[in-house]
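Q: Here you go, one structure.
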Amino acid sequence: MLLPVLGLVVVAVCGLTLLALATVRVGPLAVVIGVAAALVPVAVVVAAVLWVDRWEPEPAKLLLLAFAWGACIATITALLINNTAETVGDLLLGRGNGSRLSALVSAPLVEEAAKGAFVLFVFLRRRDEFDGIIDGIVYAGLAAAGFAFTENIYYFGRAFADYGFGDGTSAGVIAAFVLRGVLSPFTHPLFTAMTGVGIGVAARAPAGVVKVLAPLGGYLGAVCLHALWNGAATLGGAKTFLNVYFLVMVPIFIAVVLVIVLQRRHEQRIVEAALPGMVRARWIAASEVELLASLPGRREWRRQARRQSGRRAAKAVADYQNAVTELAFLKRAKDTAQTREREEELLRTLRASRAEAVRLAGDA
């Protein structure tokens with residue numbers, strides 16, 4: 001019990017420290033404006049990440065922890081190290097060069113390591129909740145969304161403190177919102193998604209060098225993208241920035257979306273292939289196969305349960321569906337004592353959630 005409490009205390013202290021620093025730098029009104037402006041892009045990003053995570057939703061506690069990690073732990077770590085790098089850069093390279101050193105070297109290395117650390121933590125400590133590339137993208141996306149949320153509060157707040165609202169074309173919070181909230185809300189999630197993909201590949205790879213090289217390659221990809229983005233904004237003019245945006249970032253974003261779509265279809269095929277065996281094992285009913293084989297079928301099943309028996313029944317059906325999905329994914333794993341234990345745990349969840357749904361339907 002002590003470790004989770006200690007973790008919450010650390011997150012709270014980091015969050016309050018960041019809030020206090022922002023308030024001292026730009027003022028309380030600017031922070032309020034920054035929070036209001038930052039809520040819009042983060043809501044879009046989080047909704048997109050949760051859409052990705054529909055076949056086998058990750059535990060809500062882990063998803064919240066991923067966001068909190070990015071918003072508090074990763075942000076304050078990056079702030080301390082980047083500020084130190086900027087100070088050292090000014091001393092060694094001359095005043096004004098420290099910010100460039102921080103933007104081009106320190107920020108990409110440190111920020112991607114800080115955000116990706118949570119993905120690696122889940123992979124190493126909660127292996128049963130990490131099935132592949134989709135899970136890597138989900139955890140990376142939420143950690144990066146939290147990081148971007150806190151960062152945007154400061155950037156929007158500083159823009160308001162220095163220039164007011166502006167008009168969308170001149171400096172001000174509206175211009176900052178257009179640049180960071182409209183044109184590039186997915187930049188941090190896109191960078192860190194590279195690390196998530198690398199760790200996701202390692203999750204499905206057999207023992208060997210791939211388990212080491214894939215996460216390392218993903219992290220280096222995240223660092224290179226981040227450095228390129230910062231370099232275009234720091235060293236290049238408007239033309240350079242737009243070239244990097246449209247010729248590099250947009251194509252890579254489209255490629256990641258295609259990977260997500262393909263991986264979701266792959267997950268659906270895994271579930272479809274496993275359902276007949278589950279029927280033969282009498283884990284599920286034959287009449288449920290069609291409902292379990294597609295997201296629309298599952299969604300309609302939950303809606304019907306909610307209409308007829310209430311929210312608790314819909315929750316029980318959702319737990320049942322998630323257990324079926326995890327059992328299907330588990331079939332791909334090597335037969336070990338650990339996987340057999342996990343299978344028994346999932347079967348208990350499946351039976352308990354089915355019994356709960358049936359009981360609530362009978363009481364309705």
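Here's how to read the names in the structure tokens: chain A, B, ... by the order shown, residue numbers from 1 in each chain, ligand numbers from 1 in the order shown.
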Show me a table, sorted first by chain and then by increasing residue number, of the residues of range 47-157 of chain A having an atom at most 10 Å from range 181-194 of chain A, each with its shortest atom pair and the distance in Å to one decimal, counting only C-alpha atoms and written as a Markdown table.

A:
| residue | atom | partner | partner_atom | distance |
| --- | --- | --- | --- | --- |
| A:Ala48 | CA | A:Phe186 | CA | 9.8 |
| A:Val49 | CA | A:Pro189 | CA | 9.3 |
| A:Pro108 | CA | A:Phe191 | CA | 9.2 |
| A:Glu111 | CA | A:Thr192 | CA | 9.1 |
| A:Glu112 | CA | A:Thr192 | CA | 6.2 |
| A:Ala113 | CA | A:Thr192 | CA | 8.9 |
| A:Ala114 | CA | A:Thr192 | CA | 9.8 |
| A:Lys115 | CA | A:Thr192 | CA | 6.9 |
| A:Gly116 | CA | A:Thr192 | CA | 6.4 |
| A:Val119 | CA | A:Thr192 | CA | 9.4 |
| A:Ile133 | CA | A:Ala193 | CA | 9.4 |
| A:Ile134 | CA | A:Ala193 | CA | 9.7 |
| A:Gly136 | CA | A:Ala193 | CA | 7.3 |
| A:Ile137 | CA | A:Ala193 | CA | 5.1 |
| A:Val138 | CA | A:Ala193 | CA | 8.1 |
| A:Tyr139 | CA | A:Ala193 | CA | 8.6 |
| A:Ala140 | CA | A:Ala193 | CA | 5.5 |
| A:Gly141 | CA | A:Pro189 | CA | 4.6 |
| A:Leu142 | CA | A:Pro189 | CA | 7.4 |
| A:Ala143 | CA | A:Pro189 | CA | 7.9 |
| A:Ala144 | CA | A:Pro189 | CA | 4.9 |
| A:Ala145 | CA | A:Pro189 | CA | 6.2 |
| A:Gly146 | CA | A:Pro189 | CA | 9.5 |
| A:Phe147 | CA | A:His188 | CA | 7.8 |
| A:Ala148 | CA | A:His188 | CA | 6.4 |
| A:Phe149 | CA | A:Pro185 | CA | 9.6 |
| A:Asn152 | CA | A:Gly181 | CA | 8.4 |
| A:Phe156 | CA | A:Gly181 | CA | 9.7 |

Q: Extract, using only C-alpha atoms, all DNA, RNA and protein residues at most 7 Å from range 287-301 of chain A, discarding same-chain residues fewer than 2 positions from it, and format them as a list in words.

A: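 Here the qualifying residues turn out to be Gln268, Val271, Glu272, Leu275, Ile284, Ala285, Arg303, Gln304, Ala305 and Gln321 of chain A.
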
Q: May I have the selected residues written with C-alpha atoms, as a JSON list (two decimals), in the first residue's frame?

A:
[["chain", "number", "residue", "atom", "x", "y", "z"],
["A", 268, "GLN", "CA", -9.49, -8.27, -34.94],
["A", 271, "VAL", "CA", -9.83, -12.47, -31.93],
["A", 272, "GLU", "CA", -11.87, -13.91, -34.81],
["A", 275, "LEU", "CA", -13.43, -17.51, -30.98],
["A", 284, "ILE", "CA", -18.28, -18.57, -24.65],
["A", 285, "ALA", "CA", -21.59, -19.36, -26.34],
["A", 303, "ARG", "CA", -25.75, -0.51, -25.40],
["A", 304, "GLN", "CA", -28.46, -3.13, -25.24],
["A", 305, "ALA", "CA", -27.29, -4.26, -21.80],
["A", 321, "GLN", "CA", -15.59, -8.79, -23.81]]

Q: Please determine, counting only C-alpha atoms, which residue among A:Ala20, A:Ala207, A:Leu360, A:Ala281 has the shortest atom-to-atom distance to Ala313 in chain A.

A: A:Leu360

Q: Using only C-alpha atoms, which residues sit within 12 Å of Phe177 in chain A once same-chain residues fewer than 4 positions away are excluded, as a PyMOL selection string?

A: chain A and resi 33-42+152-160+165-173+181-185

Q: My list of candidates is A:Ala203, A:Val358, A:Leu93, A:Ala161. Which is closest to Asp135 in chain A when distances are computed with only C-alpha atoms?

A: A:Ala203

Q: Taking only C-alpha atoms into account, which of A:Gly7, A:Gly27, A:Gly96, A:Pro59 comes nearest Cys72 in chain A?

A: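 Ranked by minimum distance to Cys72 in chain A, first place goes to A:Gly7.
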
Q: What's the 12 Å shell around Leu16 in chain A, counting only C-alpha atoms, without same-chain residues fewer than 4 positions away, as a PyMOL selection string?

A: chain A and resi 9-12+20-23+71-73+76+150
